[in-house]
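> My structure is in input-v5.pdb, and what it holds is PDB, C-alpha atoms:
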ATOM      1  CA  MET A   1     115.753  28.804 101.977
ATOM      2  CA  THR A   2     119.149  30.148 101.008
ATOM      3  CA  GLU A   3     120.778  32.397 103.597
ATOM      4  CA  PRO A   4     120.295  36.067 102.702
ATOM      5  CA  GLN A   5     123.705  36.831 104.244
ATOM      6  CA  LEU A   6     125.214  35.277 101.103
ATOM      7  CA  TYR A   7     123.427  37.815  98.885
ATOM      8  CA  ALA A   8     125.116  40.919  97.515
ATOM      9  CA  PRO A   9     123.629  42.966  94.670
ATOM     10  CA  GLY A  10     125.565  43.475  91.478
ATOM     11  CA  PRO A  11     126.357  46.910  90.023
ATOM     12  CA  ALA A  12     123.674  49.484  89.269
ATOM     13  CA  ASN A  13     122.959  48.599  85.656
ATOM     14  CA  LEU A  14     119.300  47.630  85.503
ATOM     15  CA  ALA A  15     117.599  51.005  85.315
ATOM     16  CA  ARG A  16     117.244  54.126  83.264
ATOM     17  CA  VAL A  17     115.175  57.277  83.678
ATOM     18  CA  GLN A  18     112.746  58.851  81.246
ATOM     19  CA  LYS A  19     112.438  62.573  82.024
ATOM     20  CA  ASP A  20     109.375  64.646  81.187
ATOM     21  CA  GLY A  21     109.837  67.932  83.036
ATOM     22  CA  GLU A  22     109.267  67.264  86.732
ATOM     23  CA  LYS A  23     107.715  63.855  86.035
ATOM     24  CA  TRP A  24     110.386  61.206  85.918
ATOM     25  CA  THR A  25     109.754  57.556  85.137
ATOM     26  CA  LEU A  26     112.034  54.839  86.410
ATOM     27  CA  ILE A  27     112.430  51.965  83.945
ATOM     28  CA  LEU A  28     113.947  48.725  85.206
ATOM     29  CA  VAL A  29     114.622  45.705  83.009
ATOM     30  CA  ARG A  30     115.574  42.196  84.080
ATOM     31  CA  GLU A  31     116.059  39.075  81.987
ATOM     32  CA  LEU A  32     114.638  36.073  83.848
ATOM     33  CA  ARG A  33     115.127  32.407  82.948
ATOM     34  CA  HIS A  34     111.465  31.598  83.561
ATOM     35  CA  SER A  35     108.308  31.625  81.464
ATOM     36  CA  PRO A  36     106.092  34.711  81.333
ATOM     37  CA  GLU A  37     103.352  32.649  83.011
ATOM     38  CA  LYS A  38     105.578  31.889  86.002
ATOM     39  CA  VAL A  39     106.729  35.514  86.263
ATOM     40  CA  TRP A  40     103.106  36.716  85.942
ATOM     41  CA  GLN A  41     102.106  34.587  88.924
ATOM     42  CA  ALA A  42     104.938  36.116  90.977
ATOM     43  CA  LEU A  43     103.689  39.625  90.063
ATOM     44  CA  THR A  44     100.019  39.016  90.839
ATOM     45  CA  ASP A  45      99.635  36.325  93.516
ATOM     46  CA  PRO A  46      99.689  37.674  97.107
ATOM     47  CA  ALA A  47     101.630  34.630  98.395
ATOM     48  CA  HIS A  48     104.369  35.194  95.820
ATOM     49  CA  LEU A  49     104.447  38.978  96.346
ATOM     50  CA  ARG A  50     105.027  38.369 100.076
ATOM     51  CA  GLU A  51     108.302  36.655  99.165
ATOM     52  CA  TRP A  52     109.907  39.481  97.164
ATOM     53  CA  ALA A  53     107.871  42.684  96.684
ATOM     54  CA  PRO A  54     108.078  45.861  98.801
ATOM     55  CA  PHE A  55     104.376  45.546  99.607
ATOM     56  CA  ASP A  56     101.817  42.963 100.694
ATOM     57  CA  ALA A  57      98.609  42.606  98.683
ATOM     58  CA  ASP A  58      95.320  41.515 100.248
ATOM     59  CA  GLY A  59      94.104  40.120  96.925
ATOM     60  CA  ASN A  60      95.214  38.941  93.512
ATOM     61  CA  LEU A  61      96.322  41.603  91.024
ATOM     62  CA  SER A  62      95.444  39.552  87.922
ATOM     63  CA  THR A  63      91.914  40.850  87.249
ATOM     64  CA  VAL A  64      91.017  44.218  85.712
ATOM     65  CA  GLY A  65      88.775  46.183  88.046
ATOM     66  CA  SER A  66      89.735  44.278  91.176
ATOM     67  CA  THR A  67      90.413  46.489  94.193
ATOM     68  CA  VAL A  68      93.389  45.441  96.288
ATOM     69  CA  LYS A  69      94.970  46.976  99.390
ATOM     70  CA  LEU A  70      98.757  47.257  99.164
ATOM     71  CA  THR A  71     100.616  47.580 102.453
ATOM     72  CA  THR A  72     104.162  48.912 102.199
ATOM     73  CA  VAL A  73     106.613  46.683 104.062
ATOM     74  CA  GLY A  74     109.363  48.269 106.159
ATOM     75  CA  ALA A  75     107.890  51.785 106.113
ATOM     76  CA  PRO A  76     108.430  53.844 109.292
ATOM     77  CA  ALA A  77     104.643  54.048 109.747
ATOM     78  CA  LEU A  78     101.820  51.850 108.487
ATOM     79  CA  HIS A  79     101.227  52.785 104.847
ATOM     80  CA  VAL A  80      98.253  51.162 103.128
ATOM     81  CA  THR A  81      96.951  52.238  99.745
ATOM     82  CA  GLU A  82      93.986  50.914  97.854
ATOM     83  CA  THR A  83      94.500  50.270  94.166
ATOM     84  CA  THR A  84      92.407  49.143  91.256
ATOM     85  CA  VAL A  85      93.981  46.993  88.572
ATOM     86  CA  THR A  86      93.558  48.999  85.357
ATOM     87  CA  ARG A  87      95.121  46.495  82.941
ATOM     88  CA  ALA A  88      95.800  42.780  83.259
ATOM     89  CA  ASP A  89      96.637  41.116  79.961
ATOM     90  CA  ALA A  90      98.057  37.841  81.285
ATOM     91  CA  PRO A  91     100.935  37.135  80.935
ATOM     92  CA  ASN A  92     101.992  40.282  79.093
ATOM     93  CA  VAL A  93     101.004  43.577  80.766
ATOM     94  CA  LEU A  94      99.901  44.535  84.285
ATOM     95  CA  GLU A  95      99.012  48.080  85.386
ATOM     96  CA  TYR A  96      97.890  49.592  88.695
ATOM     97  CA  LYS A  97      98.927  52.368  91.077
ATOM     98  CA  TRP A  98     100.912  51.930  94.274
ATOM     99  CA  GLY A  99     100.927  54.864  96.669
ATOM    100  CA  GLY A 100      99.771  57.169  93.876
ATOM    101  CA  PHE A 101     102.540  56.066  91.504
ATOM    102  CA  ASP A 102     101.800  54.354  88.197
ATOM    103  CA  MET A 103     103.099  50.788  87.970
ATOM    104  CA  ARG A 104     103.349  49.180  84.536
ATOM    105  CA  TRP A 105     104.842  45.707  84.210
ATOM    106  CA  GLU A 106     105.593  44.252  80.781
ATOM    107  CA  LEU A 107     106.572  40.639  80.256
ATOM    108  CA  GLU A 108     108.099  39.651  76.944
ATOM    109  CA  ALA A 109     108.994  36.071  76.056
ATOM    110  CA  VAL A 110     112.653  35.922  75.018
ATOM    111  CA  GLY A 111     114.396  32.630  74.389
ATOM    112  CA  GLY A 112     113.207  30.284  77.113
ATOM    113  CA  GLY A 113     112.630  33.108  79.567
ATOM    114  CA  THR A 114     111.098  36.540  80.128
ATOM    115  CA  ARG A 115     112.260  40.113  79.777
ATOM    116  CA  LEU A 116     110.531  41.861  82.684
ATOM    117  CA  THR A 117     110.230  45.642  82.444
ATOM    118  CA  LEU A 118     108.827  47.895  85.155
ATOM    119  CA  TRP A 119     107.855  51.517  84.502
ATOM    120  CA  THR A 120     107.021  53.566  87.584
ATOM    121  CA  ASN A 121     106.887  57.304  88.122
ATOM    122  CA  ILE A 122     108.862  58.358  91.201
ATOM    123  CA  ASP A 123     109.605  61.830  92.546
ATOM    124  CA  ARG A 124     112.977  62.662  91.004
ATOM    125  CA  ARG A 125     114.425  63.442  94.455
ATOM    126  CA  PHE A 126     113.953  59.774  95.352
ATOM    127  CA  ILE A 127     114.434  58.074  91.988
ATOM    128  CA  SER A 128     117.859  56.608  92.816
ATOM    129  CA  MET A 129     116.446  55.245  96.079
ATOM    130  CA  GLY A 130     113.602  53.599  94.165
ATOM    131  CA  ALA A 131     116.006  52.128  91.621
ATOM    132  CA  ALA A 132     118.171  50.671  94.404
ATOM    133  CA  GLY A 133     115.169  49.167  96.171
ATOM    134  CA  TRP A 134     113.660  47.644  93.037
ATOM    135  CA  HIS A 135     117.108  46.332  92.006
ATOM    136  CA  ILE A 136     117.258  44.314  95.237
ATOM    137  CA  CYS A 137     113.608  43.216  94.888
ATOM    138  CA  PHE A 138     114.312  41.950  91.354
ATOM    139  CA  ASP A 139     117.330  39.997  92.652
ATOM    140  CA  VAL A 140     115.133  38.401  95.332
ATOM    141  CA  LEU A 141     112.442  37.656  92.717
ATOM    142  CA  GLU A 142     114.990  35.988  90.458
ATOM    143  CA  ARG A 143     116.132  33.677  93.260
ATOM    144  CA  LEU A 144     112.532  32.913  94.261
ATOM    145  CA  LEU A 145     111.651  31.894  90.696
ATOM    146  CA  ALA A 146     114.783  29.721  90.537
ATOM    147  CA  GLY A 147     113.618  27.809  93.620
ATOM    148  CA  GLN A 148     116.341  29.349  95.808
ATOM    149  CA  PRO A 149     114.382  31.881  97.894
ATOM    150  CA  ILE A 150     116.351  34.162 100.208
ATOM    151  CA  GLY A 151     113.372  36.000 101.686
ATOM    152  CA  ARG A 152     112.144  39.511 101.086
ATOM    153  CA  ILE A 153     114.755  42.274 101.538
ATOM    154  CA  VAL A 154     112.999  45.650 101.771
ATOM    155  CA  GLY A 155     112.885  48.760 103.943
ATOM    156  CA  PRO A 156     115.577  49.045 106.625
ATOM    157  CA  GLU A 157     116.585  45.410 105.996
ATOM    158  CA  ALA A 158     117.931  46.423 102.547
ATOM    159  CA  MET A 159     120.544  48.632 104.272
ATOM    160  CA  LYS A 160     122.367  45.429 105.263
ATOM    161  CA  PHE A 161     122.643  44.305 101.633
ATOM    162  CA  GLY A 162     124.287  47.110  99.669
ATOM    163  CA  TRP A 163     121.304  49.405  99.201
ATOM    164  CA  GLN A 164     123.357  52.531 100.009
ATOM    165  CA  ARG A 165     125.964  51.616  97.377
ATOM    166  CA  LEU A 166     123.265  51.019  94.759
ATOM    167  CA  ASN A 167     121.527  54.281  95.706
ATOM    168  CA  ALA A 168     124.798  56.218  95.186
ATOM    169  CA  GLU A 169     125.567  54.395  91.905
ATOM    170  CA  TYR A 170     122.089  55.024  90.488
ATOM    171  CA  ALA A 171     122.198  58.681  91.605
ATOM    172  CA  GLN A 172     125.458  59.112  89.704
ATOM    173  CA  GLN A 173     124.078  57.251  86.683
ATOM    174  CA  PHE A 174     120.916  59.416  86.620
ATOM    175  CA  GLY A 175     122.789  62.675  87.299
ATOM    176  CA  VAL A 176     121.019  63.454  90.568
ATOM    177  CA  GLU A 177     122.339  64.211  94.030
ATOM    178  CA  THR A 178     122.530  61.124  96.242
ATOM    179  CA  PRO A 179     119.681  61.439  98.727
ATOM    180  CA  ASN A 180     120.892  61.508 102.333
ATOM    181  CA  TRP A 181     119.222  58.317 103.580
ATOM    182  CA  PRO A 182     118.776  57.422 106.282
ATOM    183  CA  PRO A 183     118.419  61.128 107.154
ATOM    184  CA  ASN A 184     121.176  61.088 109.787
ATOM    185  CA  ALA A 185     123.667  59.182 107.617
ATOM    186  CA  PRO A 186     126.789  61.012 106.440
ATOM    187  CA  LYS A 187     126.647  62.137 102.794
ATOM    188  CA  ARG A 188     128.845  60.291 100.363
TER     189      ARG A 188
END
Turn the structure described in the file into structure tokens.


Amino acid sequence: MTEPQLYAPGPANLARVQKDGEKWTLILVRELRHSPEKVWQALTDPAHLREWAPFDADGNLSTVGSTVKLTTVGAPALHVTETTVTRADAPNVLEYKWGGFDMRWELEAVGGGTRLTLWTNIDRRFISMGAAGWHICFDVLERLLAGQPIGRIVGPEAMKFGWQRLNAEYAQQFGVETPNWPPNAPKR
């Protein structure tokens, strides 16, 4: 495993926001140098999710109608939500809810790789925080798929790897106030 200390996220340039009144949808796009089938496995297989995602899954997310418990990693208190996979068109589209938020993953074959797009609705007060967190998760996913895993970086652990900078950059990009996180941190 590559040392995570050597990891630093690039600039906030992966996300955009679709606004529909109070409902905002975060859209993140990443070009990966791996086949849609390989990316699909990383999105649906609990062993792969444990390496990069901000939650653990107690079952595979690849079957429509399957019920899976998702446990948020790094949350201040245990947070487990039960979800049902509502769409699983391997290796193209995956849909389910996490913590009440819609999750839609699209995988598009481009060149020899995959354009991965995530749509998720997030409370607009926290949308820059979500963008920063998913940005880091996508970086970790990319390294995992390349055979150079650095280990999951989520929750408080992300603070050591530029999460605050990304949060501020995405807040500016989206035109929202930078959330004061952690709550006792000085505002930037």

> Could you pull the residues within 7 Å of Asn60 of chain A, counting all atoms listed in the file, minus those fewer than 5 positions along the same chain, as a ChimeraX atom specification?

/A:44-46

> By how many Å are atom CA of Ala171 of chain A and atom CA of Lys19 of chain A apart?

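Value for the atom CA of Ala171 of chain A-atom CA of Lys19 of chain A distance: 14.2 Å.
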
> Nearest to Trp105 of chain A among A:Thr25, A:Ser35, A:Thr117, A:Ser66, with distances taken over all atoms listed in the file: which residue is it?

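Closest to Trp105 of chain A, using all atoms listed in the file: A:Thr117.
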
> Produce the centre coordinates and the three edge lengths, each in Å to one decimal, of the box along x, y and z that contains all listed atoms of segment 162-176 of chain A with 5 Å added on each side, as JSON.


{"center_x": 123.4, "center_y": 55.3, "center_z": 93.3, "size_x": 15.0, "size_y": 26.3, "size_z": 23.4}

> For a test of reading the model, state the distance in Å between atom CA of Ala158 of chain A and atom CA of Trp24 of chain A, rounded to one decimal.

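Between atom CA of Ala158 of chain A and atom CA of Trp24 of chain A the gap works out to 23.5 Å.
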
> Could you list, as a list in words, every residue within 7 Å of Ala15 of chain A, counting all atoms listed in the file and ignoring same-chain residues fewer than 6 positions away?

Leu26, Ile27, Leu28, Val29 and Ala131 of chain A

> Any chance you could work out the residue set of the PyMOL selection byres ((chain A and resi 141) around 10) here, as a PyMOL selection string?

chain A and resi 32+39+42-43+48-49+51-53+135-140+142-152

> Considering all atoms listed in the file, can you say which of A:Glu95, A:Ala57, A:Asp102, A:Gly130 comes closest to Val80 of chain A?

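Going through A:Glu95, A:Ala57, A:Asp102, A:Gly130 one by one, the smallest distance to Val80 of chain A is for A:Ala57.
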
> Wanna dump the segment 11-65 of chain A-segment 72-78 of chain A contacts at 7 Å for me, each residue with its shortest atom pair and the distance in Å to one decimal, counting all atoms listed in the file, ordered by chain and number, as a Markdown table?


| residue | atom | partner | partner_atom | distance |
| --- | --- | --- | --- | --- |
| A:Pro54 | CA | A:Val73 | CA | 5.5 |
| A:Phe55 | CA | A:Thr72 | CA | 4.3 |
| A:Asp56 | CA | A:Thr72 | CA | 6.6 |

> Using C-alpha atoms, can you export the residues from the last selection as a JSON list (two decimals), in the coordinates of the input?


[["chain", "number", "residue", "atom", "x", "y", "z"],
["A", 54, "PRO", "CA", 108.08, 45.86, 98.80],
["A", 55, "PHE", "CA", 104.38, 45.55, 99.61],
["A", 56, "ASP", "CA", 101.82, 42.96, 100.69]]

> Between atom CA of Trp163 of chain A and atom CA of Lys69 of chain A, what is the distance, to one decimal in Å?

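Computing it gives 26.4 Å between the two atoms.
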
> Name the residues that the PyMOL selection byres ((chain A and resi 99) around 12) pulls out of this structure, and write them as a list in words.

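That selection, the PyMOL selection byres ((chain A and resi 99) around 12), comes back as Pro54, Phe55, Lys69, Leu70, Thr71, Thr72, His79, Val80, Thr81, Glu82, Thr83, Thr84, Tyr96, Lys97, Trp98, Gly100, Phe101, Asp102, Met103, Thr120, Asn121, Ile122 and Asp123 of chain A.
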
> Find the residue from A:Leu61, A:Ala168, A:Val93, A:Val85 that sits nearest to Arg115 of chain A; use all atoms listed in the file when measuring.

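Smallest distance to Arg115 of chain A is found for A:Val93.
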
> Counting all atoms listed in the file, figure out which residue out of A:Asn167, A:Ser128, A:Gln18, A:Thr63 gets nearest to Arg87 of chain A.

A:Thr63

> With all atoms listed in the file as the basis for distance, which of A:Arg16, A:Met129, A:Tyr7, A:Gly113 is at the shortest distance from Gln173 of chain A?

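Of the candidates, the smallest distance to Gln173 of chain A is held by A:Arg16.
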
> Considering all atoms listed in the file, state which residue in the set A:Phe161, A:Arg124, A:Gly155, A:Asn92 is at the smallest distance from Leu6 of chain A.

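Closest to Leu6 of chain A, using all atoms listed in the file: A:Phe161.
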
> Taking the file as shown, find all residues satisfying the PyMOL selection byres ((chain A and resi 90) around 9) and write them as a PyMOL selection string.

chain A and resi 36-37+40+62+88-89+91-94
